[in-house]
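The data block below is start_30.cif; it holds mmCIF, N, CA, C and O atoms.
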data_work
#
loop_
_atom_site.label_atom_id
_atom_site.label_comp_id
_atom_site.auth_asym_id
_atom_site.auth_seq_id
_atom_site.Cartn_x
_atom_site.Cartn_y
_atom_site.Cartn_z
N MET A 1 -3.44 -45.64 -28.23
CA MET A 1 -2.48 -44.70 -27.72
C MET A 1 -2.45 -43.42 -28.53
O MET A 1 -1.61 -42.57 -28.30
N ALA A 2 -3.37 -43.24 -29.44
CA ALA A 2 -3.40 -42.04 -30.27
C ALA A 2 -3.74 -40.81 -29.44
O ALA A 2 -3.37 -39.71 -29.78
N ASN A 3 -4.44 -40.98 -28.31
CA ASN A 3 -4.83 -39.85 -27.47
C ASN A 3 -3.75 -39.48 -26.45
O ASN A 3 -3.90 -38.49 -25.75
N TYR A 4 -2.71 -40.26 -26.33
CA TYR A 4 -1.69 -40.01 -25.31
C TYR A 4 -1.08 -38.61 -25.40
O TYR A 4 -1.00 -37.91 -24.40
N PRO A 5 -0.66 -38.11 -26.57
CA PRO A 5 -0.09 -36.76 -26.63
C PRO A 5 -1.09 -35.68 -26.21
O PRO A 5 -0.73 -34.73 -25.53
N SER A 6 -2.36 -35.81 -26.56
CA SER A 6 -3.34 -34.79 -26.19
C SER A 6 -3.59 -34.82 -24.68
O SER A 6 -3.80 -33.77 -24.07
N ILE A 7 -3.57 -35.97 -24.06
CA ILE A 7 -3.73 -36.06 -22.61
C ILE A 7 -2.53 -35.40 -21.93
O ILE A 7 -2.68 -34.68 -20.95
N LYS A 8 -1.35 -35.61 -22.48
CA LYS A 8 -0.15 -35.01 -21.93
C LYS A 8 -0.22 -33.48 -22.01
O LYS A 8 0.13 -32.77 -21.07
N VAL A 9 -0.71 -32.96 -23.13
CA VAL A 9 -0.85 -31.51 -23.30
C VAL A 9 -1.90 -30.97 -22.34
O VAL A 9 -1.70 -29.94 -21.69
N GLN A 10 -3.03 -31.68 -22.21
CA GLN A 10 -4.08 -31.23 -21.29
C GLN A 10 -3.57 -31.23 -19.85
O GLN A 10 -3.87 -30.31 -19.09
N LEU A 11 -2.82 -32.24 -19.49
CA LEU A 11 -2.27 -32.31 -18.14
C LEU A 11 -1.29 -31.15 -17.90
O LEU A 11 -1.29 -30.53 -16.83
N SER A 12 -0.49 -30.81 -18.88
CA SER A 12 0.44 -29.68 -18.76
C SER A 12 -0.33 -28.38 -18.54
O SER A 12 0.04 -27.54 -17.72
N PHE A 13 -1.41 -28.18 -19.31
CA PHE A 13 -2.23 -26.98 -19.14
C PHE A 13 -2.88 -26.94 -17.76
O PHE A 13 -2.93 -25.89 -17.11
N LEU A 14 -3.33 -28.08 -17.28
CA LEU A 14 -3.95 -28.15 -15.96
C LEU A 14 -2.94 -27.80 -14.87
O LEU A 14 -3.24 -27.01 -13.96
N ILE A 15 -1.75 -28.34 -14.97
CA ILE A 15 -0.71 -28.04 -13.97
C ILE A 15 -0.36 -26.55 -14.02
O ILE A 15 -0.25 -25.90 -12.98
N SER A 16 -0.21 -25.98 -15.19
CA SER A 16 0.08 -24.55 -15.32
C SER A 16 -1.04 -23.71 -14.72
O SER A 16 -0.79 -22.71 -14.04
N PHE A 17 -2.28 -24.11 -14.96
CA PHE A 17 -3.43 -23.38 -14.43
C PHE A 17 -3.42 -23.40 -12.90
O PHE A 17 -3.61 -22.37 -12.26
N VAL A 18 -3.19 -24.57 -12.32
CA VAL A 18 -3.17 -24.70 -10.86
C VAL A 18 -2.04 -23.86 -10.26
O VAL A 18 -2.22 -23.16 -9.26
N ILE A 19 -0.88 -23.89 -10.88
CA ILE A 19 0.24 -23.08 -10.38
C ILE A 19 -0.11 -21.60 -10.42
O ILE A 19 0.15 -20.86 -9.47
N ASN A 20 -0.72 -21.15 -11.51
CA ASN A 20 -1.11 -19.73 -11.61
C ASN A 20 -2.14 -19.35 -10.56
O ASN A 20 -2.06 -18.27 -9.98
N ILE A 21 -3.10 -20.21 -10.29
CA ILE A 21 -4.11 -19.92 -9.27
C ILE A 21 -3.44 -19.82 -7.90
O ILE A 21 -3.72 -18.90 -7.12
N VAL A 22 -2.53 -20.71 -7.59
CA VAL A 22 -1.83 -20.68 -6.30
C VAL A 22 -1.01 -19.40 -6.18
O VAL A 22 -1.03 -18.73 -5.14
N LEU A 23 -0.33 -19.01 -7.23
CA LEU A 23 0.45 -17.77 -7.19
C LEU A 23 -0.45 -16.55 -7.01
O LEU A 23 -0.11 -15.62 -6.29
N MET A 24 -1.59 -16.55 -7.66
CA MET A 24 -2.51 -15.40 -7.55
C MET A 24 -3.10 -15.31 -6.14
O MET A 24 -3.22 -14.22 -5.59
N THR A 25 -3.46 -16.43 -5.55
CA THR A 25 -4.07 -16.39 -4.22
C THR A 25 -3.04 -16.08 -3.15
O THR A 25 -3.39 -15.56 -2.09
N ASN A 26 -1.78 -16.37 -3.39
CA ASN A 26 -0.72 -16.07 -2.43
C ASN A 26 0.03 -14.79 -2.79
O ASN A 26 1.09 -14.53 -2.26
N ALA A 27 -0.53 -13.99 -3.68
CA ALA A 27 0.17 -12.79 -4.15
C ALA A 27 0.46 -11.83 -3.01
O ALA A 27 1.43 -11.09 -3.05
N SER A 28 -0.38 -11.82 -1.98
CA SER A 28 -0.16 -10.87 -0.88
C SER A 28 1.15 -11.15 -0.16
O SER A 28 1.75 -10.24 0.41
N THR A 29 1.62 -12.39 -0.19
CA THR A 29 2.89 -12.68 0.48
C THR A 29 4.06 -12.15 -0.33
O THR A 29 5.13 -11.93 0.21
N PHE A 30 3.85 -11.91 -1.64
CA PHE A 30 4.90 -11.37 -2.49
C PHE A 30 4.80 -9.85 -2.59
O PHE A 30 5.61 -9.22 -3.22
N ASP A 31 3.76 -9.27 -1.99
CA ASP A 31 3.49 -7.84 -2.09
C ASP A 31 3.55 -7.24 -0.70
O ASP A 31 2.53 -7.12 -0.02
N PRO A 32 4.73 -6.86 -0.23
CA PRO A 32 4.84 -6.35 1.13
C PRO A 32 4.10 -5.02 1.28
O PRO A 32 3.96 -4.27 0.33
N SER A 33 3.64 -4.77 2.48
CA SER A 33 2.95 -3.51 2.73
C SER A 33 3.96 -2.40 2.94
O SER A 33 5.10 -2.62 3.34
N ILE A 34 3.53 -1.19 2.64
CA ILE A 34 4.33 0.01 2.84
C ILE A 34 3.70 0.76 3.99
O ILE A 34 2.49 0.97 4.01
N THR A 35 4.49 1.16 4.97
CA THR A 35 3.97 1.88 6.13
C THR A 35 4.55 3.28 6.16
O THR A 35 5.76 3.46 6.03
N GLU A 36 3.66 4.25 6.30
CA GLU A 36 4.06 5.64 6.50
C GLU A 36 3.82 5.95 7.98
O GLU A 36 2.75 5.68 8.51
N ARG A 37 4.82 6.53 8.65
CA ARG A 37 4.70 6.82 10.08
C ARG A 37 5.06 8.28 10.33
O ARG A 37 6.05 8.79 9.82
N PHE A 38 4.22 8.94 11.11
CA PHE A 38 4.42 10.34 11.47
C PHE A 38 4.51 10.43 12.99
O PHE A 38 3.62 9.94 13.68
N ILE A 39 5.56 11.07 13.49
CA ILE A 39 5.75 11.23 14.93
C ILE A 39 5.96 12.71 15.21
O ILE A 39 6.83 13.34 14.60
N SER A 40 5.16 13.25 16.09
CA SER A 40 5.30 14.66 16.44
C SER A 40 6.33 14.82 17.54
O SER A 40 6.12 14.42 18.68
N SER A 41 7.47 15.39 17.18
CA SER A 41 8.51 15.68 18.17
C SER A 41 8.77 17.19 18.18
O SER A 41 9.89 17.64 18.35
N LEU A 42 7.69 17.94 17.98
CA LEU A 42 7.77 19.40 17.98
C LEU A 42 7.94 19.91 19.41
O LEU A 42 7.66 19.20 20.37
N PRO A 43 8.38 21.15 19.56
CA PRO A 43 8.56 21.71 20.91
C PRO A 43 7.23 21.81 21.67
O PRO A 43 6.16 21.92 21.06
N GLN A 44 7.31 21.76 22.99
CA GLN A 44 6.13 21.93 23.84
C GLN A 44 5.54 23.32 23.62
O GLN A 44 6.23 24.24 23.21
N ASN A 45 4.25 23.47 23.93
CA ASN A 45 3.55 24.75 23.86
C ASN A 45 3.61 25.38 22.47
O ASN A 45 3.77 26.59 22.32
N THR A 46 3.50 24.54 21.43
CA THR A 46 3.44 25.03 20.06
C THR A 46 2.16 24.49 19.43
O THR A 46 1.50 23.61 19.99
N PRO A 47 1.78 24.99 18.25
CA PRO A 47 0.57 24.47 17.60
C PRO A 47 0.67 22.96 17.36
O PRO A 47 1.77 22.40 17.26
N LEU A 48 -0.48 22.32 17.28
CA LEU A 48 -0.54 20.89 17.00
C LEU A 48 -0.17 20.64 15.53
O LEU A 48 -0.33 21.50 14.68
N LEU A 49 0.30 19.45 15.26
CA LEU A 49 0.67 19.05 13.91
C LEU A 49 -0.53 18.34 13.27
O LEU A 49 -1.06 17.39 13.83
N GLU A 50 -0.95 18.82 12.10
CA GLU A 50 -2.02 18.16 11.35
C GLU A 50 -1.41 17.42 10.17
O GLU A 50 -0.59 17.97 9.44
N VAL A 51 -1.81 16.17 10.01
CA VAL A 51 -1.33 15.32 8.93
C VAL A 51 -2.54 14.89 8.11
O VAL A 51 -3.51 14.35 8.65
N HIS A 52 -2.49 15.13 6.80
CA HIS A 52 -3.57 14.71 5.91
C HIS A 52 -2.96 13.99 4.72
O HIS A 52 -2.19 14.58 3.96
N CYS A 53 -3.28 12.70 4.57
CA CYS A 53 -2.76 11.88 3.47
C CYS A 53 -3.91 11.31 2.66
O CYS A 53 -4.93 10.91 3.22
N LYS A 54 -3.71 11.27 1.34
CA LYS A 54 -4.73 10.68 0.47
C LYS A 54 -4.10 10.21 -0.83
O LYS A 54 -3.02 10.66 -1.21
N SER A 55 -4.79 9.29 -1.46
CA SER A 55 -4.43 8.83 -2.80
C SER A 55 -5.64 9.12 -3.69
O SER A 55 -6.62 9.71 -3.23
N LEU A 56 -5.58 8.68 -4.93
CA LEU A 56 -6.74 8.87 -5.80
C LEU A 56 -7.93 8.06 -5.31
O LEU A 56 -9.08 8.45 -5.51
N ASP A 57 -7.67 6.93 -4.65
CA ASP A 57 -8.74 6.04 -4.20
C ASP A 57 -9.09 6.16 -2.73
O ASP A 57 -10.21 5.85 -2.33
N ASP A 58 -8.15 6.56 -1.91
CA ASP A 58 -8.35 6.56 -0.45
C ASP A 58 -7.96 7.89 0.16
O ASP A 58 -6.91 8.46 -0.18
N ASP A 59 -8.81 8.37 1.07
CA ASP A 59 -8.49 9.57 1.86
C ASP A 59 -8.36 9.11 3.30
O ASP A 59 -9.34 8.69 3.91
N ILE A 60 -7.14 9.16 3.84
CA ILE A 60 -6.89 8.70 5.20
C ILE A 60 -7.51 9.65 6.21
O ILE A 60 -7.80 9.28 7.34
N GLY A 61 -7.73 10.90 5.81
CA GLY A 61 -8.34 11.89 6.69
C GLY A 61 -7.27 12.71 7.39
O GLY A 61 -6.09 12.46 7.28
N VAL A 62 -7.72 13.72 8.12
CA VAL A 62 -6.81 14.60 8.85
C VAL A 62 -6.61 14.04 10.25
O VAL A 62 -7.58 13.72 10.94
N ARG A 63 -5.38 13.90 10.65
CA ARG A 63 -5.02 13.47 12.00
C ARG A 63 -4.31 14.63 12.68
O ARG A 63 -3.41 15.24 12.09
N THR A 64 -4.68 14.92 13.91
CA THR A 64 -4.05 15.99 14.68
C THR A 64 -3.19 15.35 15.76
O THR A 64 -3.69 14.57 16.57
N LEU A 65 -1.89 15.67 15.74
CA LEU A 65 -0.94 15.05 16.65
C LEU A 65 -0.43 16.06 17.68
O LEU A 65 0.03 17.14 17.33
N LYS A 66 -0.53 15.66 18.94
CA LYS A 66 0.09 16.43 20.02
C LYS A 66 1.56 16.02 20.10
O LYS A 66 1.96 15.02 19.50
N VAL A 67 2.34 16.75 20.86
CA VAL A 67 3.76 16.41 21.04
C VAL A 67 3.85 14.99 21.60
O VAL A 67 3.17 14.64 22.56
N GLY A 68 4.64 14.14 20.94
CA GLY A 68 4.81 12.76 21.38
C GLY A 68 3.86 11.77 20.73
O GLY A 68 4.06 10.57 20.82
N ASP A 69 2.78 12.26 20.09
CA ASP A 69 1.84 11.37 19.41
C ASP A 69 2.46 10.84 18.13
O ASP A 69 3.36 11.44 17.55
N GLN A 70 1.90 9.70 17.69
CA GLN A 70 2.31 9.16 16.41
C GLN A 70 1.09 8.64 15.67
O GLN A 70 0.09 8.27 16.27
N PHE A 71 1.19 8.61 14.37
CA PHE A 71 0.13 8.13 13.50
C PHE A 71 0.79 7.38 12.35
O PHE A 71 1.80 7.82 11.81
N ASP A 72 0.27 6.21 12.01
CA ASP A 72 0.81 5.50 10.85
C ASP A 72 -0.31 4.80 10.11
O ASP A 72 -1.39 4.57 10.65
N PHE A 73 -0.05 4.51 8.86
CA PHE A 73 -0.98 3.73 8.04
C PHE A 73 -0.16 2.91 7.06
O PHE A 73 0.98 3.24 6.75
N SER A 74 -0.75 1.81 6.63
CA SER A 74 -0.08 0.90 5.71
C SER A 74 -0.94 0.69 4.47
O SER A 74 -2.16 0.78 4.53
N PHE A 75 -0.28 0.39 3.37
CA PHE A 75 -1.00 0.11 2.14
C PHE A 75 -0.14 -0.81 1.27
O PHE A 75 1.04 -1.01 1.53
N HIS A 76 -0.76 -1.37 0.25
CA HIS A 76 -0.07 -2.19 -0.74
C HIS A 76 -0.12 -1.46 -2.07
O HIS A 76 -1.07 -0.76 -2.37
N GLU A 77 0.91 -1.64 -2.87
CA GLU A 77 0.89 -1.11 -4.23
C GLU A 77 -0.21 -1.83 -5.02
O GLU A 77 -0.49 -3.00 -4.77
N ASN A 78 -0.81 -1.12 -5.98
CA ASN A 78 -1.79 -1.78 -6.83
C ASN A 78 -1.07 -2.67 -7.85
O ASN A 78 0.16 -2.73 -7.89
N PHE A 79 -1.83 -3.36 -8.65
CA PHE A 79 -1.29 -4.33 -9.60
C PHE A 79 -0.28 -3.69 -10.55
O PHE A 79 0.71 -4.29 -10.91
N TRP A 80 -0.54 -2.43 -10.95
CA TRP A 80 0.31 -1.74 -11.90
C TRP A 80 1.46 -0.99 -11.23
O TRP A 80 2.23 -0.31 -11.89
N ASP A 81 1.56 -1.09 -9.91
CA ASP A 81 2.63 -0.44 -9.14
C ASP A 81 2.59 1.08 -9.30
O ASP A 81 3.62 1.74 -9.42
N THR A 82 1.37 1.64 -9.29
CA THR A 82 1.21 3.08 -9.48
C THR A 82 0.52 3.75 -8.30
O THR A 82 0.09 4.90 -8.42
N THR A 83 0.40 3.07 -7.17
CA THR A 83 -0.23 3.68 -6.00
C THR A 83 0.58 4.90 -5.58
O THR A 83 1.80 4.84 -5.50
N HIS A 84 -0.13 5.99 -5.37
CA HIS A 84 0.54 7.27 -5.10
C HIS A 84 -0.19 7.98 -3.97
O HIS A 84 -1.36 8.32 -4.12
N PHE A 85 0.47 8.19 -2.84
CA PHE A 85 -0.11 8.94 -1.73
C PHE A 85 0.51 10.32 -1.68
O PHE A 85 1.70 10.50 -1.94
N HIS A 86 -0.31 11.29 -1.35
CA HIS A 86 0.11 12.69 -1.21
C HIS A 86 -0.24 13.11 0.22
O HIS A 86 -1.36 12.91 0.66
N CYS A 87 0.74 13.67 0.94
CA CYS A 87 0.50 14.07 2.33
C CYS A 87 0.81 15.55 2.52
O CYS A 87 1.76 16.08 1.93
N THR A 88 -0.01 16.19 3.34
CA THR A 88 0.20 17.58 3.72
C THR A 88 0.38 17.64 5.23
O THR A 88 -0.42 17.08 5.97
N LEU A 89 1.44 18.30 5.68
CA LEU A 89 1.70 18.51 7.10
C LEU A 89 1.47 19.99 7.38
O LEU A 89 2.02 20.85 6.69
N THR A 90 0.66 20.30 8.38
CA THR A 90 0.38 21.69 8.75
C THR A 90 0.73 21.87 10.22
O THR A 90 0.28 21.11 11.08
N TRP A 91 1.52 22.92 10.50
CA TRP A 91 1.95 23.24 11.86
C TRP A 91 1.79 24.75 12.02
O TRP A 91 2.62 25.51 11.53
N GLY A 92 0.69 25.14 12.64
CA GLY A 92 0.39 26.56 12.74
C GLY A 92 0.18 27.15 11.35
O GLY A 92 -0.63 26.65 10.58
N SER A 93 0.93 28.19 11.02
CA SER A 93 0.79 28.83 9.70
C SER A 93 1.72 28.19 8.66
O SER A 93 1.70 28.58 7.49
N LYS A 94 2.51 27.20 9.04
CA LYS A 94 3.45 26.56 8.13
C LYS A 94 2.87 25.25 7.62
O LYS A 94 2.16 24.56 8.34
N ASN A 95 3.16 24.96 6.35
CA ASN A 95 2.76 23.65 5.84
C ASN A 95 3.80 23.14 4.87
O ASN A 95 4.60 23.89 4.31
N SER A 96 3.78 21.84 4.69
CA SER A 96 4.70 21.16 3.80
C SER A 96 3.96 20.01 3.15
O SER A 96 3.10 19.38 3.79
N GLU A 97 4.28 19.73 1.91
CA GLU A 97 3.63 18.65 1.17
C GLU A 97 4.69 17.71 0.60
O GLU A 97 5.79 18.14 0.27
N PHE A 98 4.33 16.44 0.52
CA PHE A 98 5.22 15.48 -0.13
C PHE A 98 4.41 14.33 -0.70
O PHE A 98 3.27 14.11 -0.31
N ASP A 99 5.00 13.63 -1.65
CA ASP A 99 4.38 12.45 -2.27
C ASP A 99 5.08 11.22 -1.77
O ASP A 99 6.27 11.23 -1.56
#

Can you give me the file's structure in the form of structure tokens?
Amino acid sequence: MANYPSIKVQLSFLISFVINIVLMTNASTFDPSITERFISSLPQNTPLLEVHCKSLDDDIGVRTLKVGDQFDFSFHENFWDTTHFHCTLTWGSKNSEFD
């Protein structure tokens, strides 16, 4: 019975390891997605709305929205919770930016 304590310790490490693997593989269920949605409700007979969003890693590209159109995209925060998207809205000669 001299090995009993070491078997108990090894079993504890194994259980902890399995729990960590399960948590890591199911991490997406704990990490909800973030959705950005743009809806053009501008007046009729005006310039189209251009939306351009990007992060350091991803460029969503420029989307051109007519009146009544909508565009959305979803993403997850990275492990360090530092995901940062920057969007530019252009409507004729006017533009606006936000993070």

Open item on the list: List as a PyMOL selection string the protein and nucleic acid residues near Arg37 of chain A, meaning an atom at most 7 Å away when only C-alpha atoms are counted, but skip any in the same chain fewer than 5 places from it.
Closed with: chain A and resi 71-73

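The smallest atom-to-atom distance between Thr88 of chain A and any of A:Asp69, A:His76, A:Gly61, A:Ser33, using only C-alpha atoms, is found for A:Gly61.
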
Task: Nearest candidate to Thr35 of chain A (options A:Thr83, A:Ser93, A:Thr64, A:Ser74; using only C-alpha atoms) - done: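 Smallest separation from Thr35 of chain A among the options: A:Ser74.
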
Open item on the list: Neighbouring residues of Asp57 of chain A were defined as those with any atom within 10 Å, considering only C-alpha atoms; residues of the same chain fewer than 3 positions away were excluded. Please report them as a list in words.
Closed with: Lys54, Ile60, Thr83, His84 and Phe85 of chain A

Task: Computed interatomic separation between atom O of Ser96 of chain A and atom O of Ile34 of chain A (Å) - done: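 Going from atom O of Ser96 of chain A over to atom O of Ile34 of chain A covers 18.4 Å.
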
Task: Nearest to Ser41 of chain A, chosen from A:Asp99, A:Lys66, A:Gly92, A:Trp80, with only C-alpha atoms counted in the distances - done: A:Lys66

Reconstruct all heavy atoms of segment 39-50 of chain A; output as a CSV table (one decimal), in the coordinates of the input.
chain,number,residue,atom,x,y,z
A,39,ILE,N,5.6,11.1,13.5
A,39,ILE,CA,5.8,11.2,14.9
A,39,ILE,C,6.0,12.7,15.2
A,39,ILE,O,6.8,13.3,14.6
A,39,ILE,CB,7.0,10.4,15.4
A,39,ILE,CG1,6.8,8.9,15.1
A,39,ILE,CG2,7.2,10.6,16.9
A,39,ILE,CD1,8.0,8.1,15.4
A,40,SER,N,5.2,13.2,16.1
A,40,SER,CA,5.3,14.7,16.4
A,40,SER,C,6.3,14.8,17.5
A,40,SER,O,6.1,14.4,18.7
A,40,SER,CB,4.0,15.2,16.9
A,40,SER,OG,4.1,16.6,17.3
A,41,SER,N,7.5,15.4,17.2
A,41,SER,CA,8.5,15.7,18.2
A,41,SER,C,8.8,17.2,18.2
A,41,SER,O,9.9,17.6,18.4
A,41,SER,CB,9.8,14.9,17.9
A,41,SER,OG,10.2,15.2,16.6
A,42,LEU,N,7.7,17.9,18.0
A,42,LEU,CA,7.8,19.4,18.0
A,42,LEU,C,7.9,19.9,19.4
A,42,LEU,O,7.7,19.2,20.4
A,42,LEU,CB,6.5,20.0,17.4
A,42,LEU,CG,6.3,19.6,15.9
A,42,LEU,CD1,4.9,20.0,15.4
A,42,LEU,CD2,7.4,20.3,15.0
A,43,PRO,N,8.4,21.2,19.6
A,43,PRO,CA,8.6,21.7,20.9
A,43,PRO,C,7.2,21.8,21.7
A,43,PRO,O,6.2,21.9,21.1
A,43,PRO,CB,9.1,23.1,20.6
A,43,PRO,CG,9.6,23.1,19.2
A,43,PRO,CD,8.8,22.1,18.5
A,44,GLN,N,7.3,21.8,23.0
A,44,GLN,CA,6.1,21.9,23.8
A,44,GLN,C,5.5,23.3,23.6
A,44,GLN,O,6.2,24.2,23.2
A,44,GLN,CB,6.5,21.8,25.3
A,44,GLN,CG,7.0,20.4,25.7
A,44,GLN,CD,5.8,19.4,25.7
A,44,GLN,OE1,4.6,19.7,25.8
A,44,GLN,NE2,6.2,18.1,25.7
A,45,ASN,N,4.2,23.5,23.9
A,45,ASN,CA,3.6,24.8,23.9
A,45,ASN,C,3.6,25.4,22.5
A,45,ASN,O,3.8,26.6,22.3
A,45,ASN,CB,4.1,25.7,24.9
A,45,ASN,CG,4.0,25.2,26.3
A,45,ASN,OD1,3.0,24.6,26.6
A,45,ASN,ND2,5.0,25.3,27.1
A,46,THR,N,3.5,24.5,21.4
A,46,THR,CA,3.4,25.0,20.1
A,46,THR,C,2.2,24.5,19.4
A,46,THR,O,1.5,23.6,20.0
A,46,THR,CB,4.7,24.6,19.2
A,46,THR,OG1,4.7,23.1,19.2
A,46,THR,CG2,6.0,25.1,19.8
A,47,PRO,N,1.8,25.0,18.2
A,47,PRO,CA,0.6,24.5,17.6
A,47,PRO,C,0.7,23.0,17.4
A,47,PRO,O,1.8,22.4,17.3
A,47,PRO,CB,0.5,25.2,16.3
A,47,PRO,CG,1.3,26.5,16.5
A,47,PRO,CD,2.4,26.1,17.5
A,48,LEU,N,-0.5,22.3,17.3
A,48,LEU,CA,-0.5,20.9,17.0
A,48,LEU,C,-0.2,20.6,15.5
A,48,LEU,O,-0.3,21.5,14.7
A,48,LEU,CB,-1.9,20.4,17.3
A,48,LEU,CG,-2.4,20.5,18.7
A,48,LEU,CD1,-3.8,20.0,18.9
A,48,LEU,CD2,-1.5,19.8,19.7
A,49,LEU,N,0.3,19.4,15.3
A,49,LEU,CA,0.7,19.0,13.9
A,49,LEU,C,-0.5,18.3,13.3
A,49,LEU,O,-1.1,17.4,13.8
A,49,LEU,CB,1.9,18.1,13.9
A,49,LEU,CG,2.3,17.5,12.6
A,49,LEU,CD1,2.8,18.7,11.7
A,49,LEU,CD2,3.4,16.5,12.8
A,50,GLU,N,-1.0,18.8,12.1
A,50,GLU,CA,-2.0,18.2,11.4
A,50,GLU,C,-1.4,17.4,10.2
A,50,GLU,O,-0.6,18.0,9.4
A,50,GLU,CB,-3.0,19.2,10.8
A,50,GLU,CG,-3.9,19.8,11.9
A,50,GLU,CD,-4.9,20.7,11.4
A,50,GLU,OE1,-4.9,21.0,10.2
A,50,GLU,OE2,-5.8,21.2,12.2
